[in-house]
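A.B. asks: Have a look at this one.
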Amino acid sequence: MRIIEQGHTDSADTTSLYVPSIGLIVAGDVVYNQCHMMYVGDTIPESRKNWIAALDRLAALNPAIVVAGHKKLARPTLPRRSKTPKRYLQDFDRVQKTATSDRSCSIR
């Protein structure tokens, strides 16, 4: 098992676990699966950039199973699900640049 220190994602000092022999990633707070990414509003552009880099590090491992730290209970633990948080963070960055207030920066 390998511990991957991810830095700041949805909280400070996030870690993920990787078990190469079975292709398993326990992503912790890095990956959300079909649920609201509740702490994005507390991020700044640099921490969102780090969060995206953390997602990329996990994807580069080509996992067979990704266990999200936050998910709907019935959702599968498939690697393709870990791409959605990255898109959400990129969209948040894009929308925030043109938003006139926090209220107008909502992504649904």
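Naming works like this for the structure tokens: A, B, ... for the chains as they're shown, residue 1 at the start of each chain, ligands 1 onward in shown order.
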Near range 32-36 of chain A, within 6 Å and counting only C-alpha atoms, which residues show up once chain neighbours fewer than 5 positions away are dropped, as a list in words?
C.D. replies: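 Using only C-alpha atoms, the neighbours found are Ala68, His70 and Lys71 of chain A.
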A.B. asks: I need the residues in range 12-61 of chain A that are helix (DSSP H, G or I) according to DSSP; give them as a ChimeraX atom specification.
C.D. replies: /A:40-42,45-60
A.B. asks: For range 89-91 of chain A, find every residue with an atom within 12 Å (counting only C-alpha atoms), except residues of its own chain fewer than 2 positions away, and show them as a VMD selection string.
C.D. replies: chain A and resid 9 to 10 30 to 32 36 to 41 43 to 55 83 to 87 93 to 98 105 to 108
A.B. asks: In Å, rounded to a single decimal, give me how far CA of Asn62 in chain A is from CA of Ser16 in chain A.
C.D. replies: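 Answer for the CA of Ser16 in chain A to CA of Asn62 in chain A separation: 14.4 Å.
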A.B. asks: Among chain A, which residues does DSSP mark as strand (DSSP E) when it is run on the backbone? Keep the chain and numbering as in the structure and answer as a list in words.
C.D. replies: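 Going through chain A, the strand (DSSP E) residues come out as Arg2, Ile3, Ile4, Glu5, Gln6, Gly7, Thr14, Thr15, Ser16, Leu17, Tyr18, Val19, Leu24, Ile25, Val26, Ala27, Gly28, Asp29, Val30, Val31, Tyr32, Asn33, Ile65, Val66, Val67, Ala68, Gly69, His70 and Lys71 of chain A.
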A.B. asks: Once you have the residues from the selection above, write them out as a compact mmCIF listing (two decimals), in the first residue's frame, restricted to C-alpha atoms.
C.D. replies:
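Saved the output as again19.txt:
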```txt
# COMPACT_ATOMS: atom_id res chain seq x y z
CA ARG A 2 1.18 3.50 -0.83
CA ILE A 3 0.12 6.72 0.87
CA ILE A 4 -0.24 9.66 -1.51
CA GLU A 5 -0.04 13.06 0.14
CA GLN A 6 -2.34 15.27 -1.92
CA GLY A 7 -2.02 18.63 -0.20
CA THR A 14 -5.55 15.41 2.18
CA THR A 15 -4.24 11.89 1.59
CA SER A 16 -5.22 9.01 -0.66
CA LEU A 17 -4.26 5.34 -0.44
CA TYR A 18 -3.17 3.22 -3.40
CA VAL A 19 -2.92 -0.58 -3.49
CA LEU A 24 -7.43 0.12 -5.73
CA ILE A 25 -7.48 3.79 -4.79
CA VAL A 26 -9.15 4.98 -1.63
CA ALA A 27 -9.31 8.60 -2.68
CA GLY A 28 -10.42 10.28 0.52
CA ASP A 29 -11.54 13.89 0.11
CA VAL A 30 -10.04 14.16 -3.38
CA VAL A 31 -12.91 12.38 -5.19
CA TYR A 32 -16.64 13.00 -4.96
CA ASN A 33 -19.06 10.64 -6.71
CA ILE A 65 -11.45 0.72 -8.43
CA VAL A 66 -11.74 4.22 -6.99
CA VAL A 67 -13.46 4.62 -3.63
CA ALA A 68 -14.64 8.21 -3.33
CA GLY A 69 -14.45 9.96 0.00
CA HIS A 70 -17.88 11.48 -0.63
CA LYS A 71 -20.55 9.65 -2.63
```
A.B. asks: One decimal, Å: what's the distance from CA of Ala64 in chain A over to CA of Pro20 in chain A, could you say?
C.D. replies: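 Distance reported for this atom pair: 9.7 Å.
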A.B. asks: What does the distance from CA of Ser11 in chain A to CA of Asp42 in chain A come to in Å, to one decimal?
C.D. replies: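 Separation between CA of Ser11 in chain A and CA of Asp42 in chain A: 9.0 Å.
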